[in-house]
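Listing of query22.cif, mmCIF, C-alpha atoms
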data_query
#
loop_
_atom_site.label_atom_id
_atom_site.label_comp_id
_atom_site.auth_asym_id
_atom_site.auth_seq_id
_atom_site.Cartn_x
_atom_site.Cartn_y
_atom_site.Cartn_z
CA MET A 1 -4.08 51.36 39.63
CA SER A 2 -4.94 47.70 38.95
CA SER A 3 -8.33 48.69 37.49
CA THR A 4 -6.56 51.11 35.11
CA ARG A 5 -4.25 48.33 33.90
CA ALA A 6 -7.20 45.98 33.45
CA SER A 7 -8.97 48.64 31.44
CA ARG A 8 -5.92 49.08 29.20
CA ARG A 9 -5.68 45.31 28.66
CA ALA A 10 -9.34 45.22 27.63
CA VAL A 11 -8.81 48.05 25.16
CA LEU A 12 -5.71 46.39 23.66
CA THR A 13 -7.50 43.05 23.37
CA SER A 14 -10.46 44.68 21.72
CA ALA A 15 -8.20 46.54 19.29
CA ALA A 16 -6.38 43.35 18.36
CA ALA A 17 -9.68 41.61 17.69
CA VAL A 18 -10.84 44.47 15.51
CA MET A 19 -7.56 44.47 13.59
CA THR A 20 -7.75 40.70 13.04
CA GLY A 21 -11.34 41.00 11.88
CA ALA A 22 -10.42 43.79 9.51
CA LEU A 23 -7.61 41.76 8.01
CA LEU A 24 -9.92 38.82 7.54
CA LEU A 25 -12.56 40.96 5.89
CA THR A 26 -9.94 42.48 3.62
CA ALA A 27 -8.75 39.03 2.58
CA CYS A 28 -12.30 37.84 1.98
CA GLY A 29 -13.11 40.93 -0.02
CA SER A 30 -10.03 40.61 -2.23
CA ASP A 31 -10.51 41.05 -5.97
CA ASP A 32 -8.21 38.04 -6.56
CA ASP A 33 -10.78 35.40 -7.51
CA SER A 34 -8.14 32.65 -7.81
CA SER A 35 -7.10 33.18 -4.20
CA VAL A 36 -10.68 32.93 -3.01
CA ALA A 37 -11.25 29.81 -5.11
CA ALA A 38 -8.15 28.17 -3.70
CA ASP A 39 -9.22 28.95 -0.12
CA SER A 40 -12.72 27.58 -0.64
CA SER A 41 -11.51 24.41 -2.37
CA THR A 42 -9.06 23.53 0.41
CA SER A 43 -11.62 24.18 3.14
CA ALA A 44 -14.46 22.18 1.56
CA THR A 45 -15.21 18.84 3.17
CA ARG A 46 -17.04 15.57 2.51
CA THR A 47 -18.32 12.93 4.90
CA ILE A 48 -17.60 9.28 4.12
CA THR A 49 -18.15 5.99 5.92
CA ASP A 50 -14.97 4.00 6.42
CA ALA A 51 -14.40 0.23 6.63
CA GLN A 52 -15.17 0.22 10.35
CA GLY A 53 -18.49 1.98 9.84
CA ARG A 54 -17.18 5.29 11.19
CA LYS A 55 -18.48 8.55 9.71
CA VAL A 56 -15.41 10.66 8.91
CA THR A 57 -15.41 14.22 7.61
CA VAL A 58 -12.48 14.58 5.21
CA PRO A 59 -11.12 17.39 3.01
CA ALA A 60 -12.63 17.47 -0.47
CA GLU A 61 -9.13 18.08 -1.84
CA PRO A 62 -6.59 16.85 0.72
CA GLN A 63 -3.22 18.54 0.44
CA LYS A 64 -1.11 16.75 3.06
CA VAL A 65 -1.87 13.04 3.18
CA VAL A 66 -0.22 10.48 5.44
CA ALA A 67 -0.46 6.82 4.38
CA LEU A 68 0.18 4.48 7.31
CA SER A 69 -0.15 1.16 5.48
CA GLU A 70 1.48 -0.41 2.44
CA PRO A 71 -1.77 -0.64 0.42
CA THR A 72 -2.83 2.96 1.10
CA LEU A 73 0.62 4.25 0.12
CA ASP A 74 0.53 2.23 -3.10
CA ALA A 75 -3.02 3.43 -3.84
CA ALA A 76 -2.30 7.11 -3.22
CA LEU A 77 0.76 7.02 -5.48
CA ALA A 78 -1.21 5.20 -8.20
CA LEU A 79 -3.72 8.06 -8.05
CA GLY A 80 -0.99 10.67 -8.48
CA ILE A 81 -0.82 11.79 -4.85
CA GLU A 82 2.53 11.67 -3.05
CA PRO A 83 1.88 11.52 0.70
CA VAL A 84 3.92 13.74 3.01
CA GLY A 85 4.21 10.82 5.41
CA ALA A 86 4.33 7.09 4.80
CA THR A 87 5.00 3.70 6.29
CA ALA A 88 8.22 1.77 5.89
CA GLY A 89 7.97 -1.31 3.72
CA ARG A 90 7.70 -4.65 5.46
CA GLY A 91 11.20 -5.57 6.69
CA GLN A 92 12.67 -2.31 5.33
CA THR A 93 13.74 1.04 6.80
CA GLY A 94 12.39 3.12 3.91
CA VAL A 95 9.22 2.77 1.87
CA SER A 96 8.88 -0.45 -0.14
CA THR A 97 11.59 -0.44 -2.79
CA TYR A 98 9.11 -0.69 -5.66
CA LEU A 99 7.57 2.61 -4.49
CA ALA A 100 10.81 4.44 -3.62
CA ASP A 101 10.99 6.53 -6.80
CA LYS A 102 7.40 7.71 -6.55
CA ALA A 103 7.54 8.40 -2.80
CA SER A 104 10.98 10.03 -2.61
CA LYS A 105 9.69 13.04 -0.66
CA ALA A 106 7.56 11.16 1.84
CA GLU A 107 8.87 11.03 5.39
CA VAL A 108 8.69 7.61 7.01
CA VAL A 109 6.56 7.97 10.14
CA ALA A 110 5.47 4.37 10.70
CA THR A 111 6.28 0.71 10.41
CA VAL A 112 3.86 -2.12 9.77
CA ALA A 113 3.66 -2.53 13.55
CA GLU A 114 3.12 1.05 14.73
CA ALA A 115 3.14 4.75 13.94
CA ASP A 116 5.45 7.38 15.41
CA MET A 117 2.82 9.82 16.67
CA GLU A 118 5.24 12.69 17.33
CA LYS A 119 6.80 12.50 13.87
CA LEU A 120 3.38 12.19 12.30
CA ALA A 121 1.97 15.20 14.15
CA THR A 122 4.83 17.47 13.06
CA LEU A 123 3.78 16.92 9.43
CA GLN A 124 0.42 18.56 10.18
CA PRO A 125 -1.52 16.31 7.79
CA ASP A 126 -5.08 17.04 6.74
CA LEU A 127 -5.89 13.36 6.08
CA ILE A 128 -4.56 10.06 7.45
CA LEU A 129 -5.17 6.78 5.62
CA LEU A 130 -4.60 3.26 6.90
CA ASP A 131 -6.13 -0.20 6.91
CA GLU A 132 -6.11 -3.25 9.15
CA THR A 133 -2.79 -4.54 7.77
CA THR A 134 -1.04 -2.14 10.16
CA GLY A 135 -0.79 -2.06 13.94
CA ALA A 136 -1.60 1.66 13.85
CA LYS A 137 -5.27 0.68 13.58
CA GLY A 138 -5.23 0.35 17.38
CA GLU A 139 -4.43 4.05 17.76
CA LEU A 140 -7.43 5.54 15.99
CA ALA A 141 -8.32 7.98 18.77
CA LYS A 142 -4.80 9.43 18.79
CA LEU A 143 -4.67 9.58 15.00
CA GLN A 144 -8.08 11.23 14.77
CA ALA A 145 -6.88 13.90 17.20
CA ILE A 146 -4.14 14.79 14.69
CA ALA A 147 -6.22 14.72 11.49
CA PRO A 148 -9.29 13.05 9.95
CA THR A 149 -8.45 9.34 9.83
CA VAL A 150 -9.96 6.82 7.43
CA VAL A 151 -9.67 3.03 7.76
CA THR A 152 -9.97 1.96 4.14
CA ALA A 153 -10.21 -1.82 4.52
CA LYS A 154 -10.46 -4.68 6.97
CA LEU A 155 -7.80 -7.38 7.15
CA ASN A 156 -7.77 -9.76 4.14
CA GLU A 157 -10.11 -7.51 2.16
CA ASP A 158 -10.10 -7.85 -1.62
CA TRP A 159 -7.37 -5.46 -2.80
CA LYS A 160 -9.63 -3.88 -5.40
CA VAL A 161 -12.26 -3.08 -2.78
CA ALA A 162 -9.55 -1.58 -0.57
CA PHE A 163 -8.19 0.49 -3.45
CA THR A 164 -11.65 1.78 -4.37
CA ALA A 165 -12.21 2.88 -0.77
CA THR A 166 -8.88 4.71 -0.72
CA ALA A 167 -9.71 6.41 -4.02
CA ASP A 168 -13.05 7.50 -2.54
CA ALA A 169 -11.34 8.92 0.56
CA LEU A 170 -9.07 10.94 -1.73
CA ASN A 171 -12.08 12.05 -3.85
CA LYS A 172 -10.64 10.26 -6.88
CA LYS A 173 -13.14 7.43 -7.27
CA GLU A 174 -13.60 7.82 -11.03
CA GLN A 175 -9.84 7.78 -11.60
CA GLY A 176 -9.61 4.66 -9.44
CA GLU A 177 -12.29 2.95 -11.51
CA ARG A 178 -10.35 3.70 -14.71
CA ILE A 179 -7.17 2.25 -13.23
CA LEU A 180 -8.97 -0.98 -12.33
CA SER A 181 -10.70 -1.16 -15.70
CA ASP A 182 -7.37 -0.84 -17.53
CA PHE A 183 -5.81 -3.45 -15.28
CA ASP A 184 -8.63 -5.93 -15.86
CA ALA A 185 -8.32 -5.44 -19.62
CA ASP A 186 -4.61 -6.23 -19.46
CA VAL A 187 -5.27 -9.32 -17.32
CA ALA A 188 -7.71 -10.56 -19.96
CA ALA A 189 -5.15 -9.91 -22.71
CA THR A 190 -2.46 -11.88 -20.87
CA LYS A 191 -4.84 -14.75 -20.19
CA GLU A 192 -5.48 -15.06 -23.91
CA LYS A 193 -1.74 -15.40 -24.57
CA LEU A 194 -0.88 -18.05 -21.96
CA GLY A 195 -0.99 -20.90 -24.48
CA ALA A 196 0.62 -24.03 -23.00
CA ASN A 197 0.81 -22.28 -19.62
CA ALA A 198 -2.97 -21.89 -19.34
CA GLY A 199 -3.98 -23.33 -15.98
CA ALA A 200 -0.36 -23.75 -14.88
CA VAL A 201 0.41 -24.31 -11.19
CA VAL A 202 2.17 -21.21 -9.89
CA SER A 203 3.99 -21.11 -6.55
CA VAL A 204 4.93 -17.86 -4.82
CA ILE A 205 7.41 -17.83 -1.97
CA ARG A 206 9.56 -15.47 0.05
CA TRP A 207 13.02 -16.76 0.95
CA GLN A 208 14.22 -15.61 4.35
CA ASP A 209 16.74 -17.03 6.84
CA ASN A 210 17.62 -19.74 4.33
CA ALA A 211 14.10 -21.13 4.20
CA PRO A 212 10.89 -20.41 2.25
CA SER A 213 7.62 -18.90 3.35
CA VAL A 214 4.39 -19.04 1.37
CA VAL A 215 2.97 -15.62 0.40
CA GLY A 216 0.31 -14.26 -1.93
CA LYS A 217 -2.64 -16.38 -0.85
CA GLY A 218 -6.24 -15.21 -0.73
CA LYS A 219 -7.68 -12.06 -2.32
CA GLY A 220 -4.59 -9.86 -2.14
CA HIS A 221 -3.03 -8.39 -5.26
CA VAL A 222 -1.01 -11.57 -5.92
CA GLY A 223 -3.60 -14.28 -5.27
CA SER A 224 -6.44 -12.50 -7.06
CA THR A 225 -4.30 -11.67 -10.10
CA LEU A 226 -3.14 -15.26 -10.51
CA SER A 227 -6.72 -16.45 -10.06
CA ALA A 228 -8.02 -13.96 -12.65
CA LEU A 229 -5.43 -15.32 -15.08
CA GLY A 230 -6.86 -18.81 -14.58
CA LEU A 231 -3.65 -20.05 -12.96
CA ASP A 232 -3.65 -22.63 -10.20
CA ARG A 233 -1.68 -22.76 -6.95
CA PRO A 234 -0.01 -25.65 -5.11
CA THR A 235 -2.34 -27.30 -2.60
CA ASP A 236 -0.69 -25.60 0.40
CA GLN A 237 -1.07 -22.17 -1.23
CA GLN A 238 -4.82 -22.32 -1.70
CA GLY A 239 -7.45 -20.64 0.47
CA GLU A 240 -6.91 -17.74 2.85
CA SER A 241 -3.62 -17.18 4.64
CA SER A 242 -3.35 -17.63 8.41
CA GLY A 243 -0.92 -14.70 8.44
CA HIS A 244 0.95 -12.47 6.05
CA SER A 245 3.38 -15.32 5.35
CA GLU A 246 3.49 -19.00 6.27
CA PRO A 247 6.90 -20.58 6.95
CA VAL A 248 7.63 -23.89 5.21
CA SER A 249 9.90 -26.53 6.74
CA LEU A 250 12.79 -27.62 4.52
CA GLU A 251 11.56 -31.16 5.10
CA LYS A 252 8.42 -30.16 3.19
CA LEU A 253 10.18 -28.35 0.38
CA THR A 254 8.22 -30.23 -2.28
CA THR A 255 5.03 -28.44 -1.15
CA ILE A 256 6.28 -25.21 -2.76
CA ASP A 257 6.85 -26.84 -6.16
CA GLY A 258 4.84 -25.98 -9.24
CA ASP A 259 5.07 -25.51 -12.97
CA TRP A 260 6.45 -22.08 -12.15
CA LEU A 261 8.03 -20.74 -8.97
CA PHE A 262 8.11 -16.99 -8.37
CA PHE A 263 10.92 -16.43 -5.91
CA GLY A 264 11.75 -13.29 -3.92
CA THR A 265 12.66 -11.67 -0.63
CA LEU A 266 11.23 -8.54 0.98
CA ALA A 267 13.55 -6.30 -1.02
CA ASP A 268 14.47 -5.92 -4.69
CA LYS A 269 15.60 -8.33 -7.41
CA THR A 270 19.28 -8.00 -6.46
CA ASP A 271 18.53 -9.28 -2.98
CA GLY A 272 16.28 -11.95 -4.50
CA ALA A 273 19.08 -13.15 -6.77
CA LYS A 274 21.40 -13.58 -3.78
CA ALA A 275 18.70 -15.51 -1.93
CA TYR A 276 18.13 -17.72 -4.97
CA ALA A 277 21.82 -18.59 -5.05
CA GLU A 278 21.52 -19.63 -1.40
CA ALA A 279 18.40 -21.68 -2.08
CA GLN A 280 20.13 -23.62 -4.85
CA LYS A 281 22.57 -24.94 -2.25
CA VAL A 282 19.76 -26.31 -0.06
CA PRO A 283 19.33 -30.11 -0.30
CA ASN A 284 16.39 -31.12 -2.54
CA PHE A 285 15.89 -27.65 -4.00
CA SER A 286 17.44 -28.91 -7.23
CA ASN A 287 14.80 -31.67 -7.27
CA LEU A 288 11.94 -29.21 -7.58
CA GLU A 289 10.29 -29.50 -10.99
CA ALA A 290 10.28 -25.72 -11.43
CA GLU A 291 14.03 -25.65 -10.85
CA LYS A 292 14.63 -28.53 -13.25
CA GLN A 293 12.63 -26.81 -15.99
CA GLY A 294 14.31 -23.43 -15.49
CA HIS A 295 10.99 -22.02 -14.35
CA VAL A 296 12.15 -20.22 -11.21
CA VAL A 297 11.56 -16.49 -11.67
CA VAL A 298 13.36 -14.05 -9.36
CA ILE A 299 10.95 -11.22 -8.60
CA GLN A 300 10.91 -7.77 -7.06
CA GLY A 301 9.95 -9.09 -3.67
CA SER A 302 8.80 -5.81 -2.16
CA ALA A 303 5.98 -5.72 -4.73
CA TRP A 304 5.05 -9.40 -4.57
CA ASN A 305 5.62 -10.22 -0.91
CA SER A 306 4.04 -7.26 0.86
CA ALA A 307 0.46 -6.04 1.06
CA GLY A 308 -0.10 -3.81 -1.97
CA GLY A 309 -2.39 -2.06 -4.37
CA PRO A 310 -2.58 -1.38 -8.12
CA LEU A 311 1.12 -0.56 -8.54
CA ALA A 312 2.15 -3.85 -6.95
CA ALA A 313 -0.53 -5.73 -8.89
CA ARG A 314 0.79 -4.25 -12.12
CA ILE A 315 4.30 -5.56 -11.36
CA VAL A 316 2.85 -9.01 -10.62
CA LEU A 317 0.96 -9.00 -13.89
CA ASP A 318 3.97 -7.79 -15.88
CA ASP A 319 6.24 -10.45 -14.35
CA VAL A 320 3.76 -13.25 -15.06
CA THR A 321 3.17 -11.98 -18.59
CA THR A 322 6.90 -11.90 -19.33
CA ALA A 323 7.54 -15.36 -17.88
CA LEU A 324 4.53 -17.29 -19.09
CA THR A 325 3.83 -15.72 -22.46
CA GLY A 326 7.41 -15.16 -23.61
#

Output the file's structure as structure tokens, nothing else.
Amino acid sequence: MSSTRASRRAVLTSAAAVMTGALLLTACGSDDDSSVAADSSTSATRTITDAQGRKVTVPAEPQKVVALSEPTLDAALALGIEPVGATAGRGQTGVSTYLADKASKAEVVATVAEADMEKLATLQPDLILLDETTGAKGELAKLQAIAPTVVTAKLNEDWKVAFTATADALNKKEQGERILSDFDADVAATKEKLGANAGAVVSVIRWQDNAPSVVGKGKGHVGSTLSALGLDRPTDQQGESSGHSEPVSLEKLTTIDGDWLFFGTLADKTDGAKAYAEAQKVPNFSNLEAEKQGHVVVIQGSAWNSAGGPLAARIVLDDVTTALTG
């Protein structure tokens, strides 16, 4: 009796396999060329080398991208790709406010510190992007088990290099090059219009807990843009940063002074305006030369004070252009 049942199981299994094979052959032999083209394009792959020297096989045309860092989210959106999953902006529950409109459909599956693996897996991504600005870099094995995972840049990498690597991972390198070329042209145009502000000392701070922190040092989208414009920084804002931000004691408030002071929080301009009102009540803030000259500019802090890419850099450039060439 048991051998009869086993025989039936074998027959049923064989029949199912034949049926599946027939269906597959029918699909492959379809006269609908567009369907075949779509299938082949989504299954094609490329192999790239990421910032950690890892060889990663990625989709030639990724359809469901997850961006686990602020720069990779910015870069993907700049390239016209809205990720299905994204990281929350630094100090925020949703994506960085300057990206909110472009990433309205992305589900937040990570913070700067870590990724929610269960949430991420349910999205069934075909490509995961991140860099060393996020704590998720320590979970590469788990991420790779979910989908091909590319580390686009090491910590403190030049933002343009990081953006180019992200564009390459998304198979949009030429588009990325055009974006950077246009940006560089606009930087050159602004530099020509600086006039009396040529070579001005520009301070960039984040105001938090009623005290300032220095941000935008090094080769990130803020520091490199100001440098390309030929603008200088206060002594304590030169060189590489020891962290994402560097707190400044109120006893050393004069160290954040400059010809211009770009002032923000981690959120939008409304939050920045409230923080500026608080700062004006702090002893000695009114003695800053930038404050005396009316040269404090409240900025969209989420774009200036986080790690970013071309979209954030564009906001920085636009703000500087408006303030220093107006």

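Distance check against Thr122 of chain A using only C-alpha atoms: of A:Ala141, A:Asn284, A:Glu61, A:Val66, the minimum falls on A:Val66.
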
- Query: Residues at most 6 Å from segment 162-177 of chain A, counting all atoms listed in the file, excluding those fewer than 4 positions away in the same chain, as a PyMOL selection string?
  - Reply: chain A and resi 75+152-153

- Which residues match the PyMOL selection byres ((chain A and resi 109) around 8) in the file above, as a PyMOL selection string? chain A and resi 68+85-88+107-108+110-111+115-117+119-120

Hey, can you spit out that residue selection with C-alpha atoms as an mmCIF file, keeping the file's coordinate frame?
data_model
loop_
_atom_site.group_PDB
_atom_site.id
_atom_site.type_symbol
_atom_site.label_atom_id
_atom_site.label_comp_id
_atom_site.auth_asym_id
_atom_site.auth_seq_id
_atom_site.Cartn_x
_atom_site.Cartn_y
_atom_site.Cartn_z
ATOM 1 C CA LEU A 68 0.180 4.480 7.310
ATOM 2 C CA GLY A 85 4.210 10.820 5.410
ATOM 3 C CA ALA A 86 4.330 7.090 4.800
ATOM 4 C CA THR A 87 5.000 3.700 6.290
ATOM 5 C CA ALA A 88 8.220 1.770 5.890
ATOM 6 C CA GLU A 107 8.870 11.030 5.390
ATOM 7 C CA VAL A 108 8.690 7.610 7.010
ATOM 8 C CA ALA A 110 5.470 4.370 10.700
ATOM 9 C CA THR A 111 6.280 0.710 10.410
ATOM 10 C CA ALA A 115 3.140 4.750 13.940
ATOM 11 C CA ASP A 116 5.450 7.380 15.410
ATOM 12 C CA MET A 117 2.820 9.820 16.670
ATOM 13 C CA LYS A 119 6.800 12.500 13.870
ATOM 14 C CA LEU A 120 3.380 12.190 12.300
#

Considering all atoms listed in the file, give me a table of residues in segment 33-142 of chain A that are at most 12 Å from segment 214-238 of chain A, with the closest atom pair and distance in Å for each, as a tab-separated table.
residue	atom	partner	partner_atom	distance
A:Glu70	CA	A:His221	CA	12.0
A:Pro71	CA	A:His221	CA	9.7
A:Asp74	CA	A:His221	CA	11.4
A:Ala75	CA	A:His221	CA	11.9
A:Thr133	CA	A:Gly220	CA	11.4

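Applied to the file shown here, the PyMOL selection byres ((chain A and resi 56) around 12) selects the residues A:Thr45, A:Arg46, A:Thr47, A:Ile48, A:Thr49, A:Asp50, A:Ala51, A:Gln52, A:Gly53, A:Arg54, A:Lys55, A:Thr57, A:Val58, A:Pro59, A:Ala60, A:Leu127, A:Ile128, A:Leu129, A:Leu140, A:Gln144, A:Ala147, A:Pro148, A:Thr149, A:Val150, A:Val151, A:Thr152, A:Ala169.
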
- Task: Record the distance separating atom CA of Gln124 of chain A and atom CA of Gln63 of chain A, expressed in Å with one decimal.
- Result: 10.4 Å

Find the spatial neighbours of Ala100 of chain A, counting only C-alpha atoms, within a cut-off of 12 Å - ignore same-chain residues fewer than 4 positions away - and output them as a PDB file with C-alpha atoms, keeping the file's coordinate frame.
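Output file out.pdb is given in full below:
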ATOM      1  CA  LEU A  73       0.620   4.250   0.120  1.00  0.00           C
ATOM      2  CA  ASP A  74       0.530   2.230  -3.100  1.00  0.00           C
ATOM      3  CA  LEU A  77       0.760   7.020  -5.480  1.00  0.00           C
ATOM      4  CA  GLU A  82       2.530  11.670  -3.050  1.00  0.00           C
ATOM      5  CA  ALA A  86       4.330   7.090   4.800  1.00  0.00           C
ATOM      6  CA  THR A  87       5.000   3.700   6.290  1.00  0.00           C
ATOM      7  CA  ALA A  88       8.220   1.770   5.890  1.00  0.00           C
ATOM      8  CA  GLY A  89       7.970  -1.310   3.720  1.00  0.00           C
ATOM      9  CA  GLN A  92      12.670  -2.310   5.330  1.00  0.00           C
ATOM     10  CA  THR A  93      13.740   1.040   6.800  1.00  0.00           C
ATOM     11  CA  GLY A  94      12.390   3.120   3.910  1.00  0.00           C
ATOM     12  CA  VAL A  95       9.220   2.770   1.870  1.00  0.00           C
ATOM     13  CA  SER A  96       8.880  -0.450  -0.140  1.00  0.00           C
ATOM     14  CA  SER A 104      10.980  10.030  -2.610  1.00  0.00           C
ATOM     15  CA  LYS A 105       9.690  13.040  -0.660  1.00  0.00           C
ATOM     16  CA  ALA A 106       7.560  11.160   1.840  1.00  0.00           C
ATOM     17  CA  GLU A 107       8.870  11.030   5.390  1.00  0.00           C
ATOM     18  CA  VAL A 108       8.690   7.610   7.010  1.00  0.00           C
ATOM     19  CA  ALA A 267      13.550  -6.300  -1.020  1.00  0.00           C
ATOM     20  CA  ASP A 268      14.470  -5.920  -4.690  1.00  0.00           C
ATOM     21  CA  SER A 302       8.800  -5.810  -2.160  1.00  0.00           C
ATOM     22  CA  ALA A 303       5.980  -5.720  -4.730  1.00  0.00           C
ATOM     23  CA  LEU A 311       1.120  -0.560  -8.540  1.00  0.00           C
TER      24      LEU A 311
END

- Evaluating the PyMOL selection byres ((chain A and resi 315-320) around 10) on the displayed file yields which residues, as a ChimeraX atom specification? /A:98,183,186-187,190,194,202,221-223,225-226,229,260,262,297-301,303-304,310-314,321-326

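The nearest approach to Gly80 of chain A among the residues A:Ala136, A:Pro247, A:Ile179, A:Val296, with only C-alpha atoms taken into account, belongs to A:Ile179.
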
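When atom CA of Lys269 of chain A is paired with atom CA of Lys191 of chain A, their separation reads 24.9 Å.
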
- Test item: residues at most 7 Å from Thr265 of chain A, all atoms listed in the file, excluding those fewer than 2 positions along its chain, as a list in words: Arg206, Trp207, Gln208, Ala267, Asp271, Gly272 and Gly301 of chain A

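The residue set within 8 Å of Thr134 of chain A, counting only C-alpha atoms and dropping same-chain residues fewer than 4 places from it, reads Leu68, Ser69, Thr111, Val112, Ala113, Glu114 and Leu130 of chain A.
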
- Message: What's the separation between atom CA of Phe285 of chain A and atom CA of Leu253 of chain A, in Å to one decimal place?
- Response: 7.2 Å

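If all atoms listed in the file are the atoms counted, then among A:Asp209, A:Asp101, A:Asp126, A:Asp182 the closest residue to Leu250 of chain A is A:Asp209.
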
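Distances to Leu180 of chain A were evaluated for A:Ala196, A:Val84, A:Ala277, A:Val161 using all atoms listed in the file, and the minimum falls at A:Val161.
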
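Checking A:Asp158, A:Glu192, A:Asp184, A:Asp259 one by one against Val204 of chain A, counting all atoms listed in the file, you find the shortest gap at A:Asp259.
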